[in-house]
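> File name my_file-v9.cif; file contents mmCIF, C-alpha atoms; full text below.
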data_target
#
loop_
_atom_site.label_atom_id
_atom_site.label_comp_id
_atom_site.auth_asym_id
_atom_site.auth_seq_id
_atom_site.Cartn_x
_atom_site.Cartn_y
_atom_site.Cartn_z
CA MET A 1 -11.58 30.78 -9.87
CA GLY A 2 -14.02 27.94 -10.63
CA TYR A 3 -13.25 25.24 -13.14
CA ALA A 4 -16.46 25.86 -15.12
CA LYS A 5 -15.46 29.49 -15.63
CA LYS A 6 -11.96 28.49 -16.76
CA ARG A 7 -13.36 25.95 -19.18
CA ALA A 8 -15.72 28.54 -20.65
CA GLN A 9 -12.82 30.98 -21.10
CA GLY A 10 -10.64 28.27 -22.65
CA SER A 11 -13.28 26.95 -25.09
CA SER A 12 -13.03 30.03 -27.34
CA ALA A 13 -9.29 29.51 -27.67
CA ALA A 14 -9.34 25.80 -28.52
CA VAL A 15 -7.49 26.42 -31.79
CA LYS A 16 -4.85 28.47 -30.00
CA VAL A 17 -4.37 25.74 -27.43
CA THR A 18 -3.93 23.18 -30.22
CA LYS A 19 -1.32 25.33 -31.96
CA SER A 20 0.52 26.18 -28.77
CA ASP A 21 0.44 22.50 -27.78
CA SER A 22 2.07 21.44 -31.05
CA LYS A 23 4.73 24.13 -30.69
CA SER A 24 5.46 23.28 -27.08
CA ARG A 25 5.85 19.61 -27.98
CA SER A 26 8.53 20.47 -30.54
CA ALA A 27 10.29 22.87 -28.16
CA PRO A 28 13.17 21.56 -26.07
CA LYS A 29 12.31 20.40 -22.61
CA SER A 30 12.86 22.93 -19.87
CA SER A 31 15.98 22.41 -17.78
CA SER A 32 14.34 23.77 -14.64
CA GLY A 33 14.71 21.57 -11.63
CA SER A 34 11.22 20.10 -11.44
CA ILE A 35 10.40 17.39 -8.98
CA TRP A 36 9.27 15.32 -11.96
CA GLN A 37 12.88 15.10 -13.13
CA MET A 38 13.74 13.03 -10.08
CA GLN A 39 12.24 10.10 -11.99
CA LEU A 40 14.90 7.92 -13.66
CA GLY A 41 14.34 7.51 -17.39
CA GLY A 42 14.21 4.01 -18.82
CA GLY A 43 14.76 2.57 -22.25
CA SER A 44 11.10 1.67 -22.83
CA GLN A 45 8.08 3.94 -22.88
CA LYS A 46 6.10 3.90 -19.65
CA THR A 47 2.36 4.34 -20.08
CA SER A 48 1.27 4.87 -16.47
CA MET A 49 2.26 6.76 -13.35
CA LYS A 50 3.02 5.42 -9.91
CA ARG A 51 0.89 6.40 -6.94
CA LEU A 52 3.41 8.97 -5.70
CA GLU A 53 3.62 10.47 -9.18
CA VAL A 54 -0.17 10.80 -9.26
CA LEU A 55 -0.02 12.64 -5.95
CA LEU A 56 2.59 15.09 -7.27
CA PHE A 57 0.73 15.46 -10.57
CA THR A 58 -2.53 16.29 -8.79
CA SER A 59 -0.91 18.84 -6.50
CA GLU A 60 0.97 20.61 -9.31
CA LEU A 61 -2.09 20.58 -11.56
CA ALA A 62 -4.10 22.34 -8.85
CA ASP A 63 -1.34 24.95 -8.47
CA LEU A 64 -1.17 25.66 -12.21
CA ILE A 65 -4.95 25.97 -12.64
CA GLU A 66 -5.19 28.21 -9.58
CA ALA A 67 -2.40 30.37 -11.07
CA GLY A 68 -4.64 31.09 -14.08
CA MET A 69 -3.77 28.42 -16.65
CA THR A 70 -6.45 26.57 -18.55
CA LEU A 71 -6.60 22.81 -18.03
CA GLY A 72 -5.00 22.12 -21.42
CA GLN A 73 -2.14 24.54 -20.76
CA ALA A 74 -1.52 23.09 -17.30
CA LEU A 75 -1.39 19.53 -18.63
CA GLN A 76 0.96 20.59 -21.44
CA ALA A 77 3.24 22.29 -18.91
CA LEU A 78 3.38 19.13 -16.80
CA ALA A 79 4.06 17.04 -19.90
CA ASN A 80 7.00 19.29 -20.81
CA GLN A 81 8.50 18.77 -17.36
CA GLY A 82 8.46 14.96 -17.61
CA GLU A 83 11.35 12.74 -18.60
CA GLU A 84 11.41 11.24 -22.09
CA GLY A 85 9.96 7.74 -21.91
CA GLY A 86 8.44 8.45 -18.49
CA GLY A 87 4.86 7.66 -17.57
CA GLN A 88 4.07 11.21 -16.48
CA LYS A 89 5.01 12.69 -19.85
CA TYR A 90 3.01 10.06 -21.77
CA VAL A 91 -0.11 10.37 -19.61
CA CYS A 92 -0.12 14.17 -19.54
CA LYS A 93 0.32 14.39 -23.32
CA ASP A 94 -2.54 11.97 -23.89
CA LEU A 95 -4.81 13.81 -21.44
CA CYS A 96 -4.04 17.12 -23.14
CA ASP A 97 -4.70 15.68 -26.61
CA ARG A 98 -8.03 14.23 -25.54
CA ILE A 99 -9.16 17.50 -23.94
CA VAL A 100 -8.21 19.43 -27.09
CA ARG A 101 -10.36 16.98 -29.09
CA GLY A 102 -13.31 17.85 -26.86
CA GLU A 103 -13.34 15.12 -24.19
CA THR A 104 -13.93 15.97 -20.57
CA PHE A 105 -11.09 15.62 -18.07
CA SER A 106 -12.83 12.78 -16.25
CA SER A 107 -13.39 10.90 -19.49
CA ALA A 108 -9.73 11.37 -20.44
CA CYS A 109 -8.62 10.09 -17.03
CA ALA A 110 -10.84 7.03 -17.41
CA HIS A 111 -8.71 5.94 -20.38
CA HIS A 112 -5.80 5.40 -17.94
CA PRO A 113 -7.17 2.98 -15.32
CA LYS A 114 -3.66 1.91 -14.25
CA THR A 115 -2.92 5.52 -13.27
CA PHE A 116 -6.27 6.93 -12.16
CA GLU A 117 -8.44 4.66 -10.05
CA GLN A 118 -12.22 4.89 -10.07
CA LEU A 119 -12.25 7.20 -7.05
CA TYR A 120 -10.12 9.72 -8.93
CA VAL A 121 -12.27 9.65 -12.06
CA ASN A 122 -15.53 10.06 -10.15
CA MET A 123 -14.22 12.97 -8.10
CA ILE A 124 -13.00 14.74 -11.24
CA ASN A 125 -16.44 14.16 -12.75
CA ALA A 126 -18.04 15.73 -9.68
CA ALA A 127 -15.61 18.65 -9.92
CA GLU A 128 -16.60 19.27 -13.54
CA ALA A 129 -20.24 19.35 -12.54
CA SER A 130 -19.68 21.72 -9.61
CA GLY A 131 -16.98 23.93 -11.17
CA ALA A 132 -14.68 23.49 -8.15
CA MET A 133 -11.78 21.77 -9.90
CA VAL A 134 -8.99 23.27 -7.80
CA GLU A 135 -10.72 22.44 -4.53
CA VAL A 136 -11.38 18.84 -5.61
CA LEU A 137 -7.79 18.40 -6.79
CA ARG A 138 -6.59 19.61 -3.38
CA ARG A 139 -8.85 17.07 -1.68
CA LEU A 140 -7.57 14.32 -3.95
CA ALA A 141 -3.97 15.24 -3.17
CA ASP A 142 -4.73 15.22 0.56
CA HIS A 143 -6.45 11.85 0.23
CA TYR A 144 -3.53 10.28 -1.64
CA GLU A 145 -1.00 11.74 0.77
CA ARG A 146 -2.92 10.52 3.81
CA SER A 147 -3.35 7.06 2.28
CA ASP A 148 0.32 6.75 1.36
CA MET A 149 1.35 7.87 4.83
CA MET A 150 -0.78 5.16 6.45
CA HIS A 151 0.52 2.48 4.09
CA SER A 152 4.14 3.50 4.71
CA LYS A 153 3.64 3.37 8.49
CA ILE A 154 2.17 -0.14 8.28
CA LYS A 155 4.92 -1.36 5.97
CA SER A 156 7.70 0.07 8.14
CA ALA A 157 6.20 -1.51 11.26
CA LEU A 158 5.89 -4.95 9.64
CA SER A 159 9.20 -4.86 7.73
CA TYR A 160 11.34 -4.66 10.88
CA PRO A 161 10.53 -8.16 12.20
CA ILE A 162 10.76 -9.64 8.70
CA VAL A 163 14.28 -8.23 8.20
CA VAL A 164 15.41 -9.45 11.64
CA LEU A 165 14.00 -12.94 11.05
CA VAL A 166 15.57 -13.22 7.58
CA PHE A 167 19.02 -12.27 8.85
CA GLY A 168 18.57 -14.56 11.84
CA VAL A 169 17.71 -17.53 9.62
CA LEU A 170 20.66 -16.79 7.33
CA ALA A 171 23.01 -16.63 10.33
CA VAL A 172 21.76 -19.99 11.67
CA VAL A 173 22.07 -21.61 8.24
CA ALA A 174 25.63 -20.28 7.86
CA CYS A 175 26.47 -21.70 11.28
CA LEU A 176 25.03 -25.11 10.39
CA VAL A 177 26.82 -25.24 7.03
CA TRP A 178 30.30 -23.93 7.87
CA ILE A 179 30.90 -23.87 11.63
CA ILE A 180 29.20 -26.96 13.06
CA PRO A 181 30.86 -29.40 10.58
CA LYS A 182 34.29 -28.28 11.84
CA PHE A 183 33.30 -29.05 15.43
CA GLU A 184 31.86 -32.36 14.28
CA LYS A 185 35.24 -33.43 12.89
CA VAL A 186 36.97 -32.51 16.14
CA PHE A 187 34.43 -34.38 18.27
CA ALA A 188 34.57 -37.43 15.97
CA SER A 189 38.34 -37.62 16.30
CA MET A 190 37.97 -37.77 20.10
CA GLY A 191 35.70 -40.83 19.90
CA ALA A 192 33.56 -39.73 22.85
CA THR A 193 29.78 -40.11 23.18
CA LEU A 194 28.22 -36.70 22.60
CA PRO A 195 25.35 -35.22 24.62
CA LEU A 196 21.84 -35.24 23.14
CA PRO A 197 21.72 -31.47 22.30
CA THR A 198 25.02 -31.81 20.42
CA ARG A 199 23.76 -34.82 18.45
CA ILE A 200 20.60 -32.92 17.52
CA LEU A 201 22.64 -29.91 16.36
CA ILE A 202 25.00 -32.10 14.32
CA GLY A 203 22.03 -33.94 12.79
CA MET A 204 20.52 -30.62 11.73
CA SER A 205 23.86 -29.58 10.24
CA ASP A 206 24.20 -32.83 8.29
CA ALA A 207 20.65 -32.48 6.97
CA VAL A 208 21.26 -28.93 5.76
CA VAL A 209 24.62 -29.81 4.18
CA SER A 210 23.40 -33.01 2.50
CA TYR A 211 19.84 -32.04 1.56
CA GLY A 212 20.02 -28.25 1.53
CA TRP A 213 19.17 -28.10 -2.17
CA LEU A 214 16.07 -30.26 -1.60
CA ILE A 215 15.00 -28.18 1.39
CA GLY A 216 15.46 -25.01 -0.69
CA ILE A 217 13.34 -26.40 -3.53
CA ILE A 218 10.58 -27.43 -1.11
CA ILE A 219 10.56 -24.02 0.60
CA ALA A 220 10.57 -22.19 -2.76
CA GLY A 221 7.76 -24.42 -4.06
CA LEU A 222 5.62 -23.89 -0.99
CA SER A 223 6.25 -20.13 -1.07
CA PHE A 224 5.34 -19.91 -4.76
CA SER A 225 2.21 -21.99 -4.22
CA PHE A 226 1.13 -19.83 -1.30
CA VAL A 227 1.70 -16.56 -3.20
CA TYR A 228 -0.15 -17.89 -6.24
CA TRP A 229 -3.05 -19.10 -4.08
CA LYS A 230 -3.22 -15.76 -2.27
CA ASN A 231 -3.01 -13.53 -5.35
CA ASN A 232 -4.88 -15.55 -7.97
CA THR A 233 -7.74 -17.23 -6.12
CA GLU A 234 -10.67 -15.52 -4.46
CA SER A 235 -10.70 -17.95 -1.53
CA GLY A 236 -6.97 -17.51 -0.96
CA ARG A 237 -7.13 -13.74 -0.90
CA TYR A 238 -10.20 -13.79 1.35
CA ARG A 239 -8.62 -16.16 3.88
CA VAL A 240 -5.29 -14.31 4.03
CA ASP A 241 -7.02 -10.93 4.39
CA GLY A 242 -9.23 -12.39 7.11
CA TRP A 243 -6.14 -13.67 8.91
CA LYS A 244 -4.62 -10.16 8.78
CA LEU A 245 -7.64 -8.83 10.68
CA LYS A 246 -7.31 -11.53 13.39
CA ALA A 247 -3.58 -12.24 13.74
CA PRO A 248 -2.07 -11.30 17.11
CA LEU A 249 0.00 -8.12 17.29
CA ILE A 250 -0.63 -7.01 13.67
CA LYS A 251 -4.44 -7.04 13.66
CA GLY A 252 -4.65 -3.73 15.52
CA ILE A 253 -2.39 -2.06 12.95
CA VAL A 254 -3.93 -3.52 9.79
CA ALA A 255 -7.56 -3.26 10.91
CA ALA A 256 -7.29 0.31 12.20
CA GLY A 257 -5.55 1.38 9.00
CA LEU A 258 -8.28 -0.18 6.86
CA TYR A 259 -11.10 1.35 8.92
CA SER A 260 -9.49 4.78 8.69
CA SER A 261 -8.83 4.45 4.96
CA THR A 262 -12.41 3.32 4.27
CA ALA A 263 -13.87 6.20 6.26
CA TYR A 264 -11.67 8.78 4.55
CA THR A 265 -12.50 7.36 1.10
CA LEU A 266 -16.26 7.56 1.74
CA LYS A 267 -15.89 11.04 3.20
CA THR A 268 -13.88 12.29 0.23
CA LEU A 269 -16.48 10.98 -2.21
CA LEU A 270 -19.56 12.18 -0.33
CA VAL A 271 -18.20 15.69 0.24
CA ASN A 272 -17.83 16.03 -3.55
CA GLY A 273 -21.44 15.09 -4.27
CA VAL A 274 -21.12 11.38 -5.09
CA ASN A 275 -24.22 9.51 -3.92
CA VAL A 276 -24.00 6.92 -1.14
CA LEU A 277 -24.49 3.82 -3.28
CA HIS A 278 -21.87 4.89 -5.80
CA ALA A 279 -19.49 5.87 -2.98
CA LEU A 280 -19.84 2.41 -1.42
CA LYS A 281 -19.10 0.81 -4.80
CA ILE A 282 -15.94 2.88 -5.28
CA ALA A 283 -14.82 2.22 -1.70
CA GLU A 284 -15.31 -1.49 -2.32
CA GLU A 285 -13.25 -1.39 -5.51
CA THR A 286 -10.40 0.58 -3.96
CA CYS A 287 -10.27 -1.40 -0.70
CA SER A 288 -7.15 -3.57 -0.39
CA ASN A 289 -8.77 -6.11 1.94
CA ALA A 290 -11.16 -8.71 0.47
CA VAL A 291 -13.08 -9.20 3.73
CA ILE A 292 -13.89 -5.50 4.11
CA ALA A 293 -14.60 -5.18 0.38
CA LYS A 294 -17.14 -8.00 0.65
CA ALA A 295 -18.76 -6.32 3.66
CA LEU A 296 -19.03 -3.05 1.69
CA ASN A 297 -20.57 -4.95 -1.22
CA THR A 298 -23.12 -6.60 1.07
CA ALA A 299 -23.95 -3.25 2.66
CA ARG A 300 -24.41 -1.65 -0.76
CA MET A 301 -26.80 -4.40 -1.79
CA ARG A 302 -28.83 -3.94 1.39
CA VAL A 303 -29.08 -0.16 1.23
CA THR A 304 -32.43 0.67 -0.33
CA ASP A 305 -33.02 4.37 0.33
CA GLY A 306 -29.54 5.53 -0.65
CA THR A 307 -28.88 7.33 2.65
CA SER A 308 -28.49 4.95 5.59
CA ILE A 309 -25.41 2.72 5.57
CA SER A 310 -24.64 2.26 9.27
CA GLY A 311 -27.17 -0.56 9.71
CA PRO A 312 -25.90 -2.81 6.90
CA LEU A 313 -22.27 -2.16 7.91
CA ALA A 314 -23.04 -3.09 11.51
CA ALA A 315 -24.87 -6.24 10.39
CA SER A 316 -21.80 -7.42 8.46
CA GLY A 317 -19.91 -8.02 11.72
CA VAL A 318 -16.65 -6.83 10.14
CA PHE A 319 -16.63 -3.24 11.35
CA PRO A 320 -16.31 -2.39 15.07
CA ARG A 321 -19.36 -1.27 17.00
CA MET A 322 -17.81 2.11 17.78
CA MET A 323 -17.38 2.89 14.10
CA THR A 324 -20.93 1.99 13.09
CA ASP A 325 -22.40 3.81 16.11
CA MET A 326 -20.49 7.00 15.22
CA LEU A 327 -21.71 6.68 11.64
CA ALA A 328 -25.32 6.18 12.78
CA ILE A 329 -25.13 9.32 14.92
CA GLY A 330 -23.79 11.26 11.94
CA GLU A 331 -26.66 10.03 9.77
CA GLN A 332 -29.24 11.04 12.36
CA ALA A 333 -27.68 14.49 12.70
CA GLY A 334 -27.41 14.93 8.95
CA ASP A 335 -23.62 15.19 9.14
CA MET A 336 -22.37 11.94 7.64
CA VAL A 337 -19.29 13.62 6.16
CA GLY A 338 -18.24 15.05 9.52
CA SER A 339 -18.86 11.70 11.19
CA LEU A 340 -16.70 9.87 8.61
CA ASP A 341 -13.94 12.44 9.13
CA ARG A 342 -13.99 11.84 12.90
CA ILE A 343 -13.98 8.06 12.33
CA GLY A 344 -10.97 8.38 10.06
CA LYS A 345 -9.06 10.48 12.57
CA ARG A 346 -9.95 8.17 15.46
CA TYR A 347 -8.73 5.00 13.78
CA GLN A 348 -5.68 6.72 12.37
CA LYS A 349 -4.71 7.56 15.96
CA ASP A 350 -5.49 3.96 16.95
CA MET A 351 -3.19 2.75 14.18
CA ASP A 352 -0.35 4.99 15.35
CA ARG A 353 -0.81 3.80 18.93
CA ASN A 354 -0.94 0.15 17.86
CA ILE A 355 2.25 0.57 15.83
CA THR A 356 4.02 1.87 18.94
CA THR A 357 2.65 -1.01 21.02
CA PHE A 358 3.64 -3.53 18.35
CA THR A 359 7.19 -2.19 18.15
CA ASN A 360 7.60 -2.15 21.93
CA ALA A 361 6.26 -5.70 22.27
CA LEU A 362 8.24 -7.06 19.35
CA GLU A 363 11.70 -6.11 20.60
CA PRO A 364 11.69 -8.38 23.70
CA ILE A 365 10.06 -11.21 21.69
CA LEU A 366 12.83 -11.07 19.09
CA ILE A 367 15.50 -10.79 21.77
CA VAL A 368 14.17 -13.86 23.61
CA THR A 369 13.87 -15.83 20.34
CA ILE A 370 17.43 -15.01 19.29
CA ALA A 371 18.67 -15.78 22.79
CA ILE A 372 17.02 -19.24 22.72
CA VAL A 373 18.56 -20.10 19.33
CA VAL A 374 22.02 -18.82 20.23
CA GLY A 375 21.79 -20.40 23.67
CA PHE A 376 20.91 -23.80 22.21
CA ILE A 377 23.89 -23.69 19.82
CA ALA A 378 26.24 -22.55 22.58
CA ILE A 379 25.02 -25.16 25.09
CA SER A 380 25.27 -27.92 22.47
CA ILE A 381 28.88 -27.07 21.67
CA LEU A 382 30.02 -26.35 25.24
CA SER A 383 28.42 -29.48 26.68
CA ALA A 384 30.24 -31.57 24.07
CA VAL A 385 33.52 -29.83 24.89
CA PHE A 386 33.08 -30.51 28.61
CA LYS A 387 32.11 -34.14 27.91
CA VAL A 388 35.19 -34.70 25.72
CA SER A 389 37.45 -32.95 28.23
CA SER A 390 36.19 -35.12 31.10
CA THR A 391 36.63 -38.26 29.01
CA ILE A 392 40.23 -37.37 28.15
CA GLY A 393 40.95 -36.43 31.76
#
Go ahead and render the structure in this file as structure tokens.

Amino acid sequence: MGYAKKRAQGSSAAVKVTKSDSKSRSAPKSSSGSIWQMQLGGGSQKTSMKRLEVLLFTSELADLIEAGMTLGQALQALANQGEEGGGQKYVCKDLCDRIVRGETFSSACAHHPKTFEQLYVNMINAAEASGAMVEVLRRLADHYERSDMMHSKIKSALSYPIVVLVFGVLAVVACLVWIIPKFEKVFASMGATLPLPTRILIGMSDAVVSYGWLIGIIIAGLSFSFVYWKNNTESGRYRVDGWKLKAPLIKGIVAAGLYSSTAYTLKTLLVNGVNVLHALKIAEETCSNAVIAKALNTARMRVTDGTSISGPLAASGVFPRMMTDMLAIGEQAGDMVGSLDRIGKRYQKDMDRNITTFTNALEPILIVTIAIVVGFIAISILSAVFKVSSTIG
């Protein structure tokens, strides 16, 4: 059943919806095991939903509307399922109230920019115009699920080396602070001249023990400065995002994920009737990489007829030739949506393959790095022991 038809049926019962809404708000919350109740309640009122909550909200809203509920009834039902103080309950109540007062769903969503990004609002607006609300909600849910899956794969691939390096650094620091000083006392009591590797190791230990607080302050200060520069300055974000697209090992993962996400975003917007220029603007605003966002902005400024985008994207030098060629073929054939879908699938497969390659290449690199550090410590201690033993003998 189309959304326009549902809205027409529901408009004659606006007073009934208002009354039923007020009654349902005063009624006790249902104890049914909804997935929304997995959210832990907090002491303060949350006014927005997380990305995963938006995905679940969109999917359940599509189910309820398809089952025959009006939009206001579906939103009230979702609000009743939410935890007290939770973002989902607050947002759904506000959306329902605004719709009862006569606002459109897209306009109501626009009042919650922290929950619903511009892509979401524009697609809902297109759904209201076409009357295909359920279908558009399904596409939005698929888009969010696909995007979250790609982000989780990238995070899991990059988190493994970070965890290993952090624990490795902590183990080395613990060795320098607690273990090496004990050997130093033993070697000092022997009065023998220590080998160069041992003297270097003991010097590192003394530096960490004596000036560890200063080293910690310097590292914390540099880290804070870097994060502030990256997050709060345009040049910092642009340089770091550019480095992500060029850094060895990770560039294949990050770049392929961004290309796939950009293609899927444009495809999702165009298939719902959003024009090319507006779709490029939304893709630019939702892109997480400043370099690609700037390329999309430049392409949008250069597009004059509102249809061809492959040329400006190719001229930016950011997107791969294969991607822009596939897009150009789709434009010539009049199937830009199908071409964007194929681009998204292609680079999603590339991302999965690059993650496997990255993981396989990273294991021996980490093993060799750990072996070098452990080997240096072991050689430094054993060489000193042999030197002291020979001196005593």
> I'd like the residues picked by the PyMOL selection byres ((chain A and resi 307-319) around 8) written out as a ChimeraX atom specification, using the chain letters and numbers from the file.
/A:259,276,291-292,295-296,298-300,302-303,305-306,320-321,323-325,327-328,331
> May I ask for the distance between atom CA of A:Gly72 and atom CA of A:Gly85, given in Å to one decimal place?
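So the answer is 20.8 Å.
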> Identify, on the basis of only C-alpha atoms, every residue whose closest approach to A:Val385 does not exceed 12 Å; exclude the query and any residue fewer than 2 positions from it along the same chain; express the result as a PyMOL selection string.
chain A and resi 183-184+186-188+190+192-195+198+378-383+387-392
> Just need the box for stretch 289-304 of chain A, edges along x, y and z, holding every atom the file lists for it with 8 Å tacked onto each side, so centre and edge lengths in Å to one decimal, as JSON.

{"center_x": -20.6, "center_y": -4.3, "center_z": 1.2, "size_x": 39.7, "size_y": 25.9, "size_z": 21.9}
> Using the chain letters and numbers from the file, which residues does the PyMOL selection byres ((chain A and resi 351-355) around 8) grab, as number ranges by chain?
A: 153-154, 157, 252-254, 256-257, 347-350, 356-359
> The PyMOL selection byres ((chain A and resi 113-123) around 9) - which residues does that actually catch in the file I just gave you? List them as a PyMOL selection string.
chain A and resi 47-51+54+91+105-112+124-128+136-137+140+265+268-269+272-274+279+282-283+285-286
> If you measure from atom CA of A:Ala79 to atom CA of A:Leu56, what distance in Å do you get, rounded to one decimal?
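It comes out at 12.9 Å.
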> So what do you get for atom CA of A:Thr262 versus atom CA of A:Cys287, distance-wise?
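Interatomic distance, atom CA of A:Thr262 to atom CA of A:Cys287: 7.2 Å.
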> In terms of the shortest atom-to-atom distance over all atoms listed in the file, which of A:Phe57, A:Trp178, A:Trp213, A:Tyr264 is closest to A:Met336?
A:Tyr264
> Which one is closest to A:Leu362: A:Gly242, A:Gly375, A:Pro161, A:Gly203? Count all atoms listed in the file.
A:Pro161
> Calculated over all atoms listed in the file, which of the candidates A:Tyr90, A:Tyr238, A:Phe226, A:Tyr160 has the smallest distance to A:Leu366?
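So, comparing all the options, the nearest one is A:Tyr160.
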> Residues at most 7 Å from A:Leu75, counting all atoms listed in the file, excluding those fewer than 4 positions away in the same chain, as a count of residues only?
4
> With distances taken over all atoms listed in the file, which of A:Ile365, A:Ala132, A:Leu280, A:Ala67 is nearest to A:Val164?
A:Ile365
> Skip stretch 165-169 of chain A itself and residues of its chain fewer than 3 positions away, then list as a short mmCIF file (atom, residue, chain, number, x, y, z; two decimals) with C-alpha atoms, keeping the file's coordinate frame all residues within 10 Å of it, counting all atoms listed in the file.

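Heads up, here's the output in result_4.cif:
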data_model
loop_
_atom_site.label_atom_id
_atom_site.label_comp_id
_atom_site.auth_asym_id
_atom_site.auth_seq_id
_atom_site.Cartn_x
_atom_site.Cartn_y
_atom_site.Cartn_z
CA SER A 159 9.20 -4.86 7.73
CA TYR A 160 11.34 -4.66 10.88
CA PRO A 161 10.53 -8.16 12.20
CA ILE A 162 10.76 -9.64 8.70
CA VAL A 172 21.76 -19.99 11.67
CA VAL A 173 22.07 -21.61 8.24
CA ALA A 174 25.63 -20.28 7.86
CA CYS A 175 26.47 -21.70 11.28
CA LEU A 366 12.83 -11.07 19.09
CA THR A 369 13.87 -15.83 20.34
CA ILE A 370 17.43 -15.01 19.29
CA VAL A 373 18.56 -20.10 19.33
#
> For A:Ser147, which residue among A:Ala333, A:Val271, A:Ile377, A:Leu258 is the nearest when counting all atoms listed in the file?
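Looking only at the distances to A:Ser147, the closest residue turns out to be A:Leu258.
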